[in-house]
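Heads up: the structure comes next, in structure tokens.
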Amino acid sequence: MLRFLNVCLLLVITHSALSAQNNLYLHRNIKNAYDKGTRSTDGRPGANYWQNRAEYTMSVNLEPKKRLLSGQSTITYFNNSPDTLKTIRLKLAHDLYRKNGQRAYDLSEKDIDEGVMIKSLSVGGKAIAADKQRRGNTFLDVPLEGMPLLPKSSAQIQVSWSYVLPADEGAPREYATADGSVFFVPYWYPQVAVYDDLQGWASAPYNGLQEFYNDFSDYDVTITLPKGYMAWATGELQNPGDVLAPAVLDKWNKAHSATEVVSIFTEEDLKKGGVFNKLKQHQFRFKASSVPDFAFAASNRYNWDATSVVVDDKTGRRAFVSAVYDTKSKDYYKVCRIGADAIRLMSTWLPGYPYPYPSMTVFNGNDGMEYPMMCNDASTGDRDPTGLTAHEISHTYFPFMMGINEQNYAWMDEGWASFFDLNLTDSLSGARGNSRGYGFFAGTESDVPPMVQSRFLSSPAYRGASYSRPQAAYLGLLDLLGYETFHGCMVEYMDRWKGKHPMPYDFFNTWNQASGQNLDWYWKPWFFEWGYPDLGIQGVVTDESAGRQYVHVERVGTQPVPVHLEVEYTDGSKEAFHQKSDVWRDGKSSMRVYCAVGKTVKSVTLGGRLIPDADRKNNNWKL
Ligand SMILES: [Zn+2]
């Protein structure tokens with residue numbers, strides 16, 4: 001009997017494990033990864049998981065008047081894959097500006113150029129002639145003729161390059177003011193593309209729309225600027241005393257443990273002089289380890305506020321938070337405080353994981369765009385800057401700490417950033433966070449299942465699949481699981497994949513396991529299928545046998561959402577009812593919500609601000 005029971009149990013377990021796998025469509029290349037053991041069906045990195053990395057030692061010189069950027073890089077690239085590489089693929093993002101380049105946006109004609117000028121390129125000390133360098137889209141494929149890169153070995157690439165930053169102050173990423181006083185410089189250096197276990201060399205060109213997919217690397221970067229300029233960058237400044245005058249250095253040091261915002265210097269201070277040591281030029285050395293990218297900014301007139309915040313209560317570790325901005329900005333004087341408070345909440349609440357970096361600089365540029373430890377955020381003018389600041393900083397977790405392939409699955413980071421900024425804004429500013437209004441867009445032809453790779457999408461499908469639909473799905477997930485389980489899943493996901501490259505199935509399967517429930521019924525309609533959320537009130541029915549009324553709620557759409565009802569009775573009293581989206585788990589098309597005994601329903605409102613609904617016309621009922 002016992003034996004029989006065990007066999008039965010085994011059958012049940014095997015069956016549910018199989019159906020769990022079979023529930024979501026599995027792409028063949030993902031199945032290959034399971035077969036090779038690089039990934040695991042339970043959502044963990046596999047026993048044979050690998051990823052490549054690089055060490056970048058770079059020096060870069062910026063000539064503000066000419067907007068000329070020139071640099072030398074030494075890149076040591078480590079091949080941890082089991083494959084022998086015959087090519088190393090470099091990304092040259094500035095080739096977006098190259099004549100005949102593929103672009104998601106029109107660029108100012110005056111900025112179209114020859115792309116990145118490669119002055120010299122060598123691998124292992126051997127020069128690679130220009131005619132051997134295969135240039136296409138925004139890639140430069142470096143052939144390793146006669147010297148392939150074997151598994152578990154490294155190659156040293158040396159490259160010397162230059163290009164002119166775009167003059168258009170509204171360029172999609174870079175920012176260079178016409179007067180040469182302010183620069184934000186992202187996507188700027190020859191960077192090794194990702195070679196991974198699913199697709200080999202990443203092949204999505206940079207067209208200005210899809211953003212990050214980078215390996216985790218170490219950076220040691222020296223930035224040379226004319227005198228009078230300060231630099232801010234990814235990582236930690238190694239030599240502040242070389243450039244900053246002692247009194248300013250003192251403020252910089254104090255700000256690293258301050259809880260209040262400290263003004264390191266203002267535009268006024270810069271005009272008066274005495275901020276910098278007397279030098280012919282300024283050299284700033286920054287180091288960052290295990291980060292997926294490096295960006296920097298420079299100015300000779302911006303204000304610099306800084307403070308610090310405890311990001312890990314167990315160790316007392318602090319992060320150094322800066323806001324660097326134009327005197328004319330109406331909102332930026334608030335940004336340092338908002339940034340520090342947001343980082344504290346991110347570390348302790350949502351996602352509830354210690355901020356992983358030593359610093360964050362929010363720089364007043366022309367965009368709303370994240371980089372590791374840097375944001376390029378335009379002024380929000382009369383609007384409150386909390387949402388934008390929180391959104392861009394929260395990208396620290398996705399796609400940076402978790403090395404998301406945003407070219408394929410932007411919802412794995414933009415959806416989260418949209419989810420975080422909404423919750424953080426609600427909490428920090430008292431203002432309502434930005435719910436992206438998925439319901440209005442849902443079910444239209446442009447509402448593409450997020451599992452369609454982002455590289456194939458343009459707006460509005462890209463925005464819908466990356467921001468509004470996943471934001472709604474994650475909000476529903478928080479409602480469904482409750483904070484404690486939700487947070488437990490988030491921590492498990494982050495612990496497993498921090499510093500690695502999780503793919504969608506790694507996310508789904510980790511959350512299934514960590515929540516202790518198979519959520520495939522939720523993932524499928526939200527991420528894999530065409531559909532839309534729409535609940536409606538069919539009517540209010542009197543159940544004579546129960547002696548009470550119930551609201552008959554119909555599931556018109558396919559995506560599962562919570563049922564939230566506000567009921568008013570004829571005696572003037574009110575009652576709210578909330579059912580999590582798992583009421584729809586088994587596929588039923590309607591449900592009853594029973595109201596108070598002995599009362600008569602006067603009116604019902606169905607739905608809520610955070611519950612998307614494609615058709616709200618069927619959301620109200622009146623006696
Ligand atoms: Zn974003």
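The chains in the structure tokens are called A, B, ... from first to last as shown; in each chain the residues are counted from 1, and the ligands are counted from 1 in the order shown.
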
Excluding segment 280-284 of chain A and its own-chain neighbours fewer than 3 positions away, which residues fall within 6 Å of it when counting only C-alpha atoms? Please give them as a list in words. Thr222, Ile223, Thr224, Leu225, Pro226 and Lys227 of chain A

Mind writing the picked residues with C-alpha atoms as an mmCIF file, in the first residue's frame?
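Dumped everything to out-v5.cif:
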```cif
data_model
loop_
_atom_site.group_PDB
_atom_site.id
_atom_site.type_symbol
_atom_site.label_atom_id
_atom_site.label_comp_id
_atom_site.auth_asym_id
_atom_site.auth_seq_id
_atom_site.Cartn_x
_atom_site.Cartn_y
_atom_site.Cartn_z
ATOM 1 C CA THR A 222 41.058 58.083 -17.831
ATOM 2 C CA ILE A 223 39.122 61.069 -19.176
ATOM 3 C CA THR A 224 41.079 64.122 -20.271
ATOM 4 C CA LEU A 225 39.302 67.473 -20.450
ATOM 5 C CA PRO A 226 40.448 71.076 -20.778
ATOM 6 C CA LYS A 227 40.972 73.035 -17.576
#
```

Contacts of Lys254 of chain A at 10 Å (only C-alpha atoms; same-chain gap of 3+ positions) as an MDAnalysis selection string: chainID A and resid 248:251 257:259 262 264 306:308

How would the residues just picked look written out with N, CA, C and O atoms as a PDB file, in the first residue's frame?
```pdb
ATOM      1  N   VAL A 248      37.167  72.014  -1.857  1.00  0.00           N
ATOM      2  CA  VAL A 248      36.108  71.303  -2.606  1.00  0.00           C
ATOM      3  C   VAL A 248      36.235  69.792  -2.371  1.00  0.00           C
ATOM      4  O   VAL A 248      35.239  69.091  -2.190  1.00  0.00           O
ATOM      5  N   LEU A 249      37.478  69.330  -2.325  1.00  0.00           N
ATOM      6  CA  LEU A 249      37.725  67.918  -2.031  1.00  0.00           C
ATOM      7  C   LEU A 249      37.143  67.562  -0.661  1.00  0.00           C
ATOM      8  O   LEU A 249      36.563  66.482  -0.482  1.00  0.00           O
ATOM      9  N   ASP A 250      37.268  68.495   0.274  1.00  0.00           N
ATOM     10  CA  ASP A 250      36.730  68.290   1.613  1.00  0.00           C
ATOM     11  C   ASP A 250      35.210  68.079   1.560  1.00  0.00           C
ATOM     12  O   ASP A 250      34.657  67.178   2.194  1.00  0.00           O
ATOM     13  N   LYS A 251      34.523  68.889   0.761  1.00  0.00           N
ATOM     14  CA  LYS A 251      33.067  68.735   0.619  1.00  0.00           C
ATOM     15  C   LYS A 251      32.735  67.394  -0.041  1.00  0.00           C
ATOM     16  O   LYS A 251      31.772  66.726   0.331  1.00  0.00           O
ATOM     17  N   SER A 257      29.568  60.590   3.320  1.00  0.00           N
ATOM     18  CA  SER A 257      28.905  60.016   4.497  1.00  0.00           C
ATOM     19  C   SER A 257      27.748  60.898   4.978  1.00  0.00           C
ATOM     20  O   SER A 257      27.122  60.603   5.988  1.00  0.00           O
ATOM     21  N   ALA A 258      27.464  61.981   4.240  1.00  0.00           N
ATOM     22  CA  ALA A 258      26.388  62.896   4.655  1.00  0.00           C
ATOM     23  C   ALA A 258      25.021  62.282   4.402  1.00  0.00           C
ATOM     24  O   ALA A 258      24.851  61.448   3.507  1.00  0.00           O
ATOM     25  N   THR A 259      24.052  62.700   5.210  1.00  0.00           N
ATOM     26  CA  THR A 259      22.671  62.302   4.922  1.00  0.00           C
ATOM     27  C   THR A 259      21.914  63.468   4.281  1.00  0.00           C
ATOM     28  O   THR A 259      20.917  63.277   3.606  1.00  0.00           O
ATOM     29  N   VAL A 262      24.695  68.017   0.039  1.00  0.00           N
ATOM     30  CA  VAL A 262      25.820  68.953   0.134  1.00  0.00           C
ATOM     31  C   VAL A 262      26.041  69.554  -1.258  1.00  0.00           C
ATOM     32  O   VAL A 262      26.031  68.834  -2.253  1.00  0.00           O
ATOM     33  N   ILE A 264      28.575  70.545  -3.710  1.00  0.00           N
ATOM     34  CA  ILE A 264      30.030  70.393  -3.906  1.00  0.00           C
ATOM     35  C   ILE A 264      30.554  71.683  -4.550  1.00  0.00           C
ATOM     36  O   ILE A 264      31.555  72.239  -4.127  1.00  0.00           O
ATOM     37  N   ALA A 306      25.466  66.630  -3.875  1.00  0.00           N
ATOM     38  CA  ALA A 306      25.733  65.209  -3.573  1.00  0.00           C
ATOM     39  C   ALA A 306      25.324  64.873  -2.151  1.00  0.00           C
ATOM     40  O   ALA A 306      25.269  65.746  -1.277  1.00  0.00           O
ATOM     41  N   THR A 307      25.027  63.619  -1.944  1.00  0.00           N
ATOM     42  CA  THR A 307      24.738  63.105  -0.605  1.00  0.00           C
ATOM     43  C   THR A 307      25.034  61.614  -0.605  1.00  0.00           C
ATOM     44  O   THR A 307      25.578  61.089  -1.586  1.00  0.00           O
ATOM     45  N   SER A 308      24.700  60.957   0.489  1.00  0.00           N
ATOM     46  CA  SER A 308      24.888  59.505   0.504  1.00  0.00           C
ATOM     47  C   SER A 308      23.707  58.867   1.198  1.00  0.00           C
ATOM     48  O   SER A 308      22.944  59.532   1.907  1.00  0.00           O
TER      49      SER A 308
END
```

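Distances from A:Pro525, A:Pro356, A:Gly443, A:Pro399 to ligand 1 were compared using only C-alpha atoms and all ligand atoms, and the smallest one belongs to A:Pro399.
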
Neighbours of segment 581-584 of chain A within 9 Å (only C-alpha atoms; same-chain residues fewer than 3 positions away dropped), as a short mmCIF file (atom, residue, chain, number, x, y, z; two decimals) with N, CA and C atoms, in the first residue's frame?
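Written out: out_35.cif:
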```cif
data_model
loop_
_atom_site.label_atom_id
_atom_site.label_comp_id
_atom_site.auth_asym_id
_atom_site.auth_seq_id
_atom_site.Cartn_x
_atom_site.Cartn_y
_atom_site.Cartn_z
N GLY A 476 -0.26 43.24 -11.57
CA GLY A 476 -1.19 42.15 -11.29
C GLY A 476 -0.51 41.03 -10.50
N LEU A 477 0.77 40.83 -10.79
CA LEU A 477 1.54 39.79 -10.10
C LEU A 477 1.73 40.15 -8.62
N ASP A 479 -0.29 42.02 -6.87
CA ASP A 479 -1.61 41.85 -6.25
C ASP A 479 -1.88 40.37 -6.00
N LEU A 480 -1.50 39.55 -6.97
CA LEU A 480 -1.77 38.11 -6.90
C LEU A 480 -0.98 37.44 -5.78
N TRP A 521 -0.28 29.69 -16.11
CA TRP A 521 -1.60 30.20 -16.52
C TRP A 521 -1.59 31.74 -16.58
N TYR A 522 -0.69 32.37 -15.83
CA TYR A 522 -0.61 33.83 -15.82
C TYR A 522 0.37 34.32 -16.89
N ARG A 555 -15.87 37.81 -17.63
CA ARG A 555 -14.54 37.99 -18.22
C ARG A 555 -14.73 38.03 -19.73
N GLN A 559 -6.91 38.24 -20.76
CA GLN A 559 -5.85 38.38 -19.77
C GLN A 559 -6.43 38.46 -18.36
N PRO A 560 -5.88 37.65 -17.44
CA PRO A 560 -6.43 37.63 -16.09
C PRO A 560 -6.07 38.90 -15.30
N VAL A 561 -7.09 39.55 -14.78
CA VAL A 561 -6.88 40.75 -13.94
C VAL A 561 -7.72 40.59 -12.67
N PRO A 562 -7.34 41.32 -11.61
CA PRO A 562 -8.13 41.23 -10.39
C PRO A 562 -9.54 41.79 -10.60
N VAL A 563 -10.45 41.30 -9.77
CA VAL A 563 -11.83 41.82 -9.80
C VAL A 563 -11.96 42.76 -8.59
N GLY A 587 -9.93 29.24 -16.17
CA GLY A 587 -10.49 29.54 -17.48
C GLY A 587 -11.98 29.86 -17.49
N LYS A 588 -12.57 30.03 -16.30
CA LYS A 588 -14.02 30.31 -16.33
C LYS A 588 -14.28 31.70 -16.89
N SER A 589 -15.50 31.91 -17.36
CA SER A 589 -15.79 33.17 -18.06
C SER A 589 -16.63 34.14 -17.23
N SER A 590 -17.10 33.70 -16.08
CA SER A 590 -17.83 34.65 -15.23
C SER A 590 -17.74 34.21 -13.77
N MET A 591 -18.03 35.14 -12.89
CA MET A 591 -18.01 34.81 -11.45
C MET A 591 -19.03 35.67 -10.71
#
```

List as JSON, numbers by chain the protein and nucleic acid residues lying within 7 Å of ligand 1, with only C-alpha atoms and all ligand atoms counted. {"A": [369, 391, 392, 395, 414, 417, 418]}

Can you work out which one of A:Asn434, A:Gly316, A:Ala171, A:Ile30 has the shortest atom-to-atom distance to Gly43 of chain A, counting only C-alpha atoms?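 Checking each candidate against Gly43 of chain A, we get A:Ile30 as the closest.
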
Would you give me, as a list in words, the residues in segment 256-398 of chain A that DSSP reads as alpha helix (DSSP H)?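 Selection result, alpha helix (DSSP H) within segment 256-398 of chain A: Glu267, Glu268, Asp269, Leu270, Lys271, Lys272, Val335, Cys336, Arg337, Ile338, Gly339, Ala340, Asp341, Ala342, Ile343, Arg344, Leu345, Met346, Ser347, Thr348, Thr386, Gly387, Leu388, Thr389, Ala390, His391, Glu392, Ile393 and Ser394 of chain A.
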
Give one line per residue of segment 468-571 of chain A that approaches segment 203-221 of chain A to at most 10 Å, naming the two atoms of the closest pair and their distance in Å to one decimal, counting only C-alpha atoms; sort by chain then ascending residue number and deliver it as CSV.
```
residue,atom,partner,partner_atom,distance
A:Gly499,CA,A:Phe216,CA,6.7
A:Lys500,CA,A:Phe216,CA,7.9
A:His501,CA,A:Asp215,CA,8.3
```

Could you name the residues that touch Lys330 of chain A at 9 Å or less, counting only C-alpha atoms, but leaving out those on the same chain fewer than 6 positions away, as a PyMOL selection string? chain A and resi 379-382

Dump C-alpha atoms for the selected residues as a PDB file, in the first residue's frame?
```pdb
ATOM      1  CA  SER A 379      14.723  68.753 -16.814  1.00  0.00           C
ATOM      2  CA  THR A 380      11.048  68.084 -16.242  1.00  0.00           C
ATOM      3  CA  GLY A 381      10.349  71.817 -15.969  1.00  0.00           C
ATOM      4  CA  ASP A 382       7.157  72.438 -14.025  1.00  0.00           C
TER       5      ASP A 382
END
```
